[in-house]
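Notes to accompany the following structure.
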Amino acid sequence: MNFPLENSGMLPVLVAGFFFGYFLEVSGLGSPRKLTAQFALRDWSVFKVMFTAIVVAAACLWLFDVFGWLRFDALKVQTPFYWAMAIGGALLGAGMAIGGYCPGTSVVGLFTGRLDALIFMLGMLIGTTLFAANFVELQGLYLGAQGPKGQTLPALTGLPIWLILLLLAALAAAGFHVGAWYESRRGGVISSKELSV
Amino acid sequence: MNDRQPQNFWPPLAAGIGLGLALMGMFLFTGHGLGANGFFTRLAVWLAEVANPAWTTADAYFKSYLGKGHPLNGWISWEIIGVALGALAGSLTARRFQWKIERGPRIGINTRLALALGGGVLTGFGAPLARGCTSGLGLSGGATLAVAAFVFLIAFFAAGLLLSALTRKLWQ
């Protein structure tokens, strides 16, 4: 086996996208009330689903690498730009707290019948055009505080990958426990029945 | 059993494992992860080119996207079509699909739509700045243990938590 196949053709991408949308929908992450309940600490589904997915995918990719089935260095690993990514991340956190979605979940929202997602998408198109119109002025922020190319947590910390994976799994498990504690005190997980009224 | 009741959501652990396997599959086939914002960037470029080709060609950010043609030529657009079909399949089979403008019990439709627009503007500005969104940078970068992903995720959750002191009453 020689992964990745580096085939971004229509069919594999369509199938992976289908399951991406399906699993976001079945976990309720197309609902802006459920998504924002994470920030109110009432419903921890966003953290739980996201961190489970990160740990599962990272552990599987690591195993494929260990078995020699995957060229890990052929995978796309983003280079950190600390300022741009911290401020951009904060803007997406604010965008979700105010608007109820992020880019991917807005697609799930629209295709589960939520028309507010369409207005959120319109806002995104305006925001991206504003970014483009001010791109020259934003150069300092966009390029500032660049880290090493394709830097990973094992490279940053010097710890072995398996230990990083264990620590991430422990963080996910802690999130499940802390989340359950908050959920039982702040009104509980939002059910599909509550959303359908 | 009442057939008209929507089925409840999956437990987060099960859905998270499914999502992780879908993400792994994407990496094995393509070498990159799942994204979302790239689609909206390409859509914005395409619309700008239709509305004002001279401005778009001169724009320092958009011009790097020119020549890629119609948004349907990129893999990200096919992925988003898949996301849409997956969301439809999940919600229709579980009777969760419902036309609505989802909002908290205390705000009206106009307030909700204004907030959706405003939140969308912040998101549309922030994602190209961060060079990715919650899926493309946070989730997919996280799977490769990229430092960039965790910088993004920490800022995302911190800002959301802080702002929630003001916005939670809009939703709950």
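Residue numbering restarts at 1 in every chain; chains get A, B, ... in the order shown in the structure tokens, and ligands count up from 1 in that same order.
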Which residues of segment 23-88 of chain B have any atom within 7 Å of an atom in segment 98-111 of chain A when counting only C-alpha atoms, and what is the closest pair of atoms for each, with the distance in Å to one decimal? Order the rows by chain and rising number and write it as a Markdown table.
```
| residue | atom | partner | partner_atom | distance |
| --- | --- | --- | --- | --- |
| B:Ala36 | CA | A:Gly104 | CA | 5.0 |
| B:Asn37 | CA | A:Pro103 | CA | 5.5 |
| B:Val83 | CA | A:Val108 | CA | 6.9 |
| B:Ala84 | CA | A:Phe111 | CA | 5.7 |
| B:Ala87 | CA | A:Val108 | CA | 5.3 |
| B:Leu88 | CA | A:Phe111 | CA | 5.5 |
```
Can you pull out every residue within 7 Å of Gly126 of chain B, counting only C-alpha atoms, but drop anything in the same chain fewer than 2 positions away, and send it as a PDB file with N, CA and C atoms, in the first residue's frame?
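Saved as selection-v5.pdb:
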```pdb
ATOM      1  N   GLY A  88      -7.562  35.006  13.368  1.00  0.00           N
ATOM      2  CA  GLY A  88      -8.556  34.367  12.502  1.00  0.00           C
ATOM      3  C   GLY A  88      -9.410  33.375  13.285  1.00  0.00           C
ATOM      4  N   GLY A  89      -8.776  32.573  14.145  1.00  0.00           N
ATOM      5  CA  GLY A  89      -9.523  31.614  14.969  1.00  0.00           C
ATOM      6  C   GLY A  89     -10.491  32.320  15.897  1.00  0.00           C
ATOM      7  N   LEU A  91     -11.847  35.236  15.376  1.00  0.00           N
ATOM      8  CA  LEU A  91     -12.951  35.770  14.562  1.00  0.00           C
ATOM      9  C   LEU A  91     -13.966  34.673  14.237  1.00  0.00           C
ATOM     10  N   LEU A  92     -13.488  33.442  13.997  1.00  0.00           N
ATOM     11  CA  LEU A  92     -14.432  32.354  13.733  1.00  0.00           C
ATOM     12  C   LEU A  92     -15.196  31.962  15.000  1.00  0.00           C
TER      13      LEU A  92
ATOM     14  N   LEU B 122     -17.794  38.232   9.983  1.00  0.00           N
ATOM     15  CA  LEU B 122     -16.607  37.970  10.808  1.00  0.00           C
ATOM     16  C   LEU B 122     -15.926  36.674  10.361  1.00  0.00           C
ATOM     17  N   THR B 123     -16.735  35.651  10.105  1.00  0.00           N
ATOM     18  CA  THR B 123     -16.204  34.350   9.693  1.00  0.00           C
ATOM     19  C   THR B 123     -15.545  34.437   8.326  1.00  0.00           C
ATOM     20  N   GLY B 124     -16.193  35.137   7.393  1.00  0.00           N
ATOM     21  CA  GLY B 124     -15.655  35.258   6.045  1.00  0.00           C
ATOM     22  C   GLY B 124     -14.364  36.058   6.011  1.00  0.00           C
ATOM     23  N   PRO B 128      -9.972  33.338   5.715  1.00  0.00           N
ATOM     24  CA  PRO B 128      -8.802  33.522   4.852  1.00  0.00           C
ATOM     25  C   PRO B 128      -7.603  34.094   5.607  1.00  0.00           C
ATOM     26  N   LEU B 129      -7.864  34.885   6.660  1.00  0.00           N
ATOM     27  CA  LEU B 129      -6.758  35.380   7.484  1.00  0.00           C
ATOM     28  C   LEU B 129      -6.026  34.219   8.155  1.00  0.00           C
ATOM     29  N   ALA B 130      -6.798  33.278   8.719  1.00  0.00           N
ATOM     30  CA  ALA B 130      -6.202  32.121   9.401  1.00  0.00           C
ATOM     31  C   ALA B 130      -5.694  31.073   8.419  1.00  0.00           C
TER      32      ALA B 130
END
```
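Between atom CA of Tyr82 of chain A and atom CA of Gln146 of chain A there is a distance of 6.3 Å.
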Can you list, as a VMD selection string, every residue of chain B that DSSP puts in helix (DSSP H, G or I)? chain B and resid 12 to 30 37 to 51 53 to 58 62 to 65 71 to 73 75 to 93 109 to 130 134 to 143 147 to 171
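Here the question is which of B:Gly38, B:Arg4, B:Ala94, B:Gly31 gets nearest to chain A using only C-alpha atoms, and that residue is B:Gly31.
Take the candidates B:Gly82, B:Gly132, B:Pro71, B:Gly33 and check each one against chain A using only C-alpha atoms; the shortest distance goes to B:Gly82.
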Considering only C-alpha atoms, return as a VMD selection string whatever protein or nucleic-acid residues lie within 12 Å of Glu137 of chain A, sequence-local ones (same chain, fewer than 6 positions apart) excluded. (chain A and resid 130 to 131 143) or (chain B and resid 60 to 61)
Could you pull the residues within 9 Å of Leu34 of chain B, counting only C-alpha atoms, minus those fewer than 2 positions along the same chain, as a short mmCIF file (atom, residue, chain, number, x, y, z; two decimals) with C-alpha atoms, in the first residue's frame?
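Below is the file that was written, result18.cif:
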```
data_model
loop_
_atom_site.label_atom_id
_atom_site.label_comp_id
_atom_site.auth_asym_id
_atom_site.auth_seq_id
_atom_site.Cartn_x
_atom_site.Cartn_y
_atom_site.Cartn_z
CA VAL A 13 -13.89 13.67 -2.51
CA ALA A 16 -15.64 11.67 1.95
CA GLY A 17 -17.69 14.88 1.84
CA PHE A 20 -18.44 14.46 6.66
CA ALA B 22 -14.13 9.90 7.06
CA LEU B 23 -11.30 12.36 7.68
CA MET B 26 -9.89 11.77 2.81
CA PHE B 27 -6.22 11.95 3.83
CA HIS B 32 -5.12 16.58 2.39
CA ALA B 36 -15.15 24.09 3.77
CA ILE B 76 -13.53 21.50 -2.61
CA GLU B 79 -16.65 17.86 -1.37
CA SER B 135 -12.70 21.97 9.39
CA GLY B 136 -9.83 22.82 7.06
CA LEU B 137 -7.41 24.05 9.71
CA LEU B 139 -10.05 19.45 12.37
CA SER B 140 -7.82 18.44 9.44
#
```
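Coordinates place atom CA of Gly119 of chain B at a distance of 6.7 Å from atom CA of Phe120 of chain A.
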Excluding Thr52 of chain A and residues on its chain fewer than 5 positions from it, collect all residues at most 12 Å away from it, counting only C-alpha atoms, and give them as number ranges by chain. A: 45-47, 57-59, 165, 168-176; B: 11-21, 23, 139, 142-143
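With distances restricted to only C-alpha atoms, A:Tyr22 is the closest residue to chain B from A:Trp44, A:Trp181, A:Phe72, A:Tyr22.
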List the neighbours of segment 48-58 of chain B out to 12 Å using only C-alpha atoms; skip same-chain residues closer than 3 positions along the sequence, and give me the result as a list in words. Leu125, Ile126, Thr128, Thr129, Leu130, Ala132, Ala133, Phe135 and Val136 of chain A; Phe40, Thr41, Arg42, Leu43, Ala44, Val45, Tyr61, Phe62, Lys63, Ser64, Tyr65, Leu66, Gly67, Lys68, Gly69, His70 and Pro71 of chain B
Residues near Leu163 of chain B, cut-off 9 Å, only C-alpha atoms, skip fewer than 3 positions along chain, as an mmCIF file with C-alpha atoms, in the first residue's frame:
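Okay, out-v1.cif is ready:
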```cif
data_model
loop_
_atom_site.group_PDB
_atom_site.id
_atom_site.type_symbol
_atom_site.label_atom_id
_atom_site.label_comp_id
_atom_site.auth_asym_id
_atom_site.auth_seq_id
_atom_site.Cartn_x
_atom_site.Cartn_y
_atom_site.Cartn_z
ATOM 1 C CA PHE A 39 -19.763 28.115 24.280
ATOM 2 C CA GLY A 93 -15.223 31.785 17.421
ATOM 3 C CA ALA A 94 -16.947 35.179 17.533
ATOM 4 C CA ALA A 97 -21.160 32.802 18.957
ATOM 5 C CA ILE A 98 -22.978 35.601 17.066
ATOM 6 C CA ALA B 158 -11.436 31.106 23.904
ATOM 7 C CA ALA B 159 -13.187 33.792 21.835
ATOM 8 C CA GLY B 160 -16.418 31.800 21.704
ATOM 9 C CA LEU B 166 -22.982 38.339 25.934
ATOM 10 C CA THR B 167 -24.503 36.090 23.275
ATOM 11 C CA ARG B 168 -25.841 33.094 25.245
#
```
